[in-house]
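Below: the structure, in C-alpha cells.
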Amino acid sequence: MKNYLISYDLIGGQPITSYQNLRNAITKVAYWSKPLESVFIIKSDLTAIDIARRLQPLMHSNDKLLVIEIGKDWGSLNLKPEVVNWLRANL
C-alpha cells in the first residue's frame, strides 16, 4: 500500500453535508489519519488519480483537491499525540 496526503478546499458557502460526505468517502479506507482541518493521510492500493476520481463526484466544479503520494520523511509541530503516533506507525 502507498501513503497519500489528501487536501481539499470546498469553495464558497457549501453546506456542512458537503464536507461530511467527502470526509465519509475518504475514511472508508482501512487506514487513515486527519492531522489538519482539511487534510487526511491514507493508505491505499489505488493511484493518486484514481483516488481523486472517486472523490470528484462529491465535489463541486470550483472545489480544489490535491492527492499526493508521501513517504517516510516527515515532520510536524503541535499535532495531537494520536496523529503523531499514527504517522510513526504507518509512514
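Starting from 1 in every chain, residues are counted up; chains themselves are A, B, ... following the order of the C-alpha cells, and ligands are numbered from 1 as listed.
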
Residue neighbourhood stretch 79-82 of chain A, 9 Å, only C-alpha atoms, exclusion window fewer than 5 positions, as a PyMOL selection string: chain A and resi 33+35-36+87

Create the file for the chosen residues now, containing C-alpha atoms and written as a PDB file, in the first residue's frame.
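Resulting contents of result_25.pdb:
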```pdb
ATOM      1  CA  SER A  33      -5.480   9.913   9.917  1.00  0.00           C
ATOM      2  CA  PRO A  35      -3.841  15.713  11.064  1.00  0.00           C
ATOM      3  CA  LEU A  36      -5.308  19.062   9.953  1.00  0.00           C
ATOM      4  CA  LEU A  87       2.157   8.751  11.388  1.00  0.00           C
TER       5      LEU A  87
END
```

Name the residues of chain A that come out as helix (DSSP H, G or I) in a backbone DSSP run; write them as a PyMOL selection string. chain A and resi 16-26+48-58+81-90

Near A:Ile42, within 9 Å and counting only C-alpha atoms, which residues show up once chain neighbours fewer than 3 positions away are dropped, as a list of chain:residue names? A:Lys2, A:Asn3, A:Tyr4, A:Leu5, A:Ile6, A:Ile26, A:Thr27, A:Val29, A:Ala30, A:Tyr31, A:Trp32, A:Ser33, A:Lys34

Those residues with N, CA and C atoms, as an mmCIF file, in the first residue's frame please?
```cif
data_model
loop_
_atom_site.group_PDB
_atom_site.id
_atom_site.type_symbol
_atom_site.label_atom_id
_atom_site.label_comp_id
_atom_site.auth_asym_id
_atom_site.auth_seq_id
_atom_site.Cartn_x
_atom_site.Cartn_y
_atom_site.Cartn_z
ATOM 1 N N LYS A 2 0.360 2.268 -0.639
ATOM 2 C CA LYS A 2 1.046 3.555 -0.673
ATOM 3 C C LYS A 2 0.370 4.515 0.306
ATOM 4 N N ASN A 3 1.123 5.535 0.701
ATOM 5 C CA ASN A 3 0.599 6.576 1.586
ATOM 6 C C ASN A 3 0.294 7.812 0.762
ATOM 7 N N TYR A 4 -0.892 8.372 0.974
ATOM 8 C CA TYR A 4 -1.299 9.567 0.239
ATOM 9 C C TYR A 4 -1.766 10.651 1.194
ATOM 10 N N LEU A 5 -1.379 11.868 0.885
ATOM 11 C CA LEU A 5 -1.915 13.037 1.544
ATOM 12 C C LEU A 5 -3.046 13.561 0.671
ATOM 13 N N ILE A 6 -4.205 13.777 1.273
ATOM 14 C CA ILE A 6 -5.359 14.343 0.577
ATOM 15 C C ILE A 6 -5.678 15.676 1.239
ATOM 16 N N ILE A 26 -13.558 9.545 2.195
ATOM 17 C CA ILE A 26 -12.116 9.396 2.445
ATOM 18 C C ILE A 26 -11.872 8.356 3.538
ATOM 19 N N THR A 27 -12.680 8.367 4.570
ATOM 20 C CA THR A 27 -12.437 7.486 5.714
ATOM 21 C C THR A 27 -12.968 6.069 5.516
ATOM 22 N N VAL A 29 -11.487 3.972 3.711
ATOM 23 C CA VAL A 29 -10.295 3.124 3.638
ATOM 24 C C VAL A 29 -9.955 2.640 5.042
ATOM 25 N N ALA A 30 -9.194 1.565 5.129
ATOM 26 C CA ALA A 30 -8.903 0.952 6.422
ATOM 27 C C ALA A 30 -8.003 1.815 7.304
ATOM 28 N N TYR A 31 -7.011 2.449 6.705
ATOM 29 C CA TYR A 31 -6.024 3.188 7.482
ATOM 30 C C TYR A 31 -6.042 4.657 7.086
ATOM 31 N N TRP A 32 -6.355 5.522 8.038
ATOM 32 C CA TRP A 32 -6.382 6.949 7.750
ATOM 33 C C TRP A 32 -6.113 7.734 9.031
ATOM 34 N N SER A 33 -5.673 8.967 8.832
ATOM 35 C CA SER A 33 -5.480 9.913 9.917
ATOM 36 C C SER A 33 -5.866 11.294 9.397
ATOM 37 N N LYS A 34 -6.321 12.145 10.294
ATOM 38 C CA LYS A 34 -6.732 13.505 9.930
ATOM 39 C C LYS A 34 -5.918 14.492 10.758
#
```

For stretch 49-59 of chain A: contacts at 10 Å, only C-alpha atoms, fewer than 5 positions along chain excluded, given as a tab-separated table (two decimals) with C-alpha atoms, in the first residue's frame:
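The new file selection-v1.tsv reads:
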```
chain	number	residue	atom	x	y	z
A	4	TYR	CA	-1.30	9.57	0.24
A	6	ILE	CA	-5.36	14.34	0.58
A	8	TYR	CA	-9.13	19.90	-0.19
A	9	ASP	CA	-10.83	23.28	-0.24
A	10	LEU	CA	-14.58	23.34	-0.68
A	11	ILE	CA	-15.27	26.76	-2.12
A	14	GLN	CA	-21.28	24.89	0.79
A	18	SER	CA	-20.66	18.52	1.55
A	19	TYR	CA	-17.75	18.29	3.96
A	20	GLN	CA	-19.27	15.32	5.76
A	21	ASN	CA	-19.88	13.40	2.54
A	22	LEU	CA	-16.31	13.98	1.38
A	23	ARG	CA	-14.86	13.02	4.76
A	25	ALA	CA	-15.75	8.82	1.46
A	26	ILE	CA	-12.12	9.40	2.44
A	44	SER	CA	-4.42	2.73	-0.33
A	64	LYS	CA	-10.00	22.10	-5.06
A	65	LEU	CA	-8.37	18.74	-4.34
A	66	LEU	CA	-4.79	17.53	-4.02
A	67	VAL	CA	-3.86	13.85	-3.71
A	68	ILE	CA	-0.14	13.18	-3.50
```

Using only C-alpha atoms for the distances, tell me which of A:Lys28, A:Asp63, A:Arg88, A:Ser7 is nearest to A:Gly75. A:Arg88
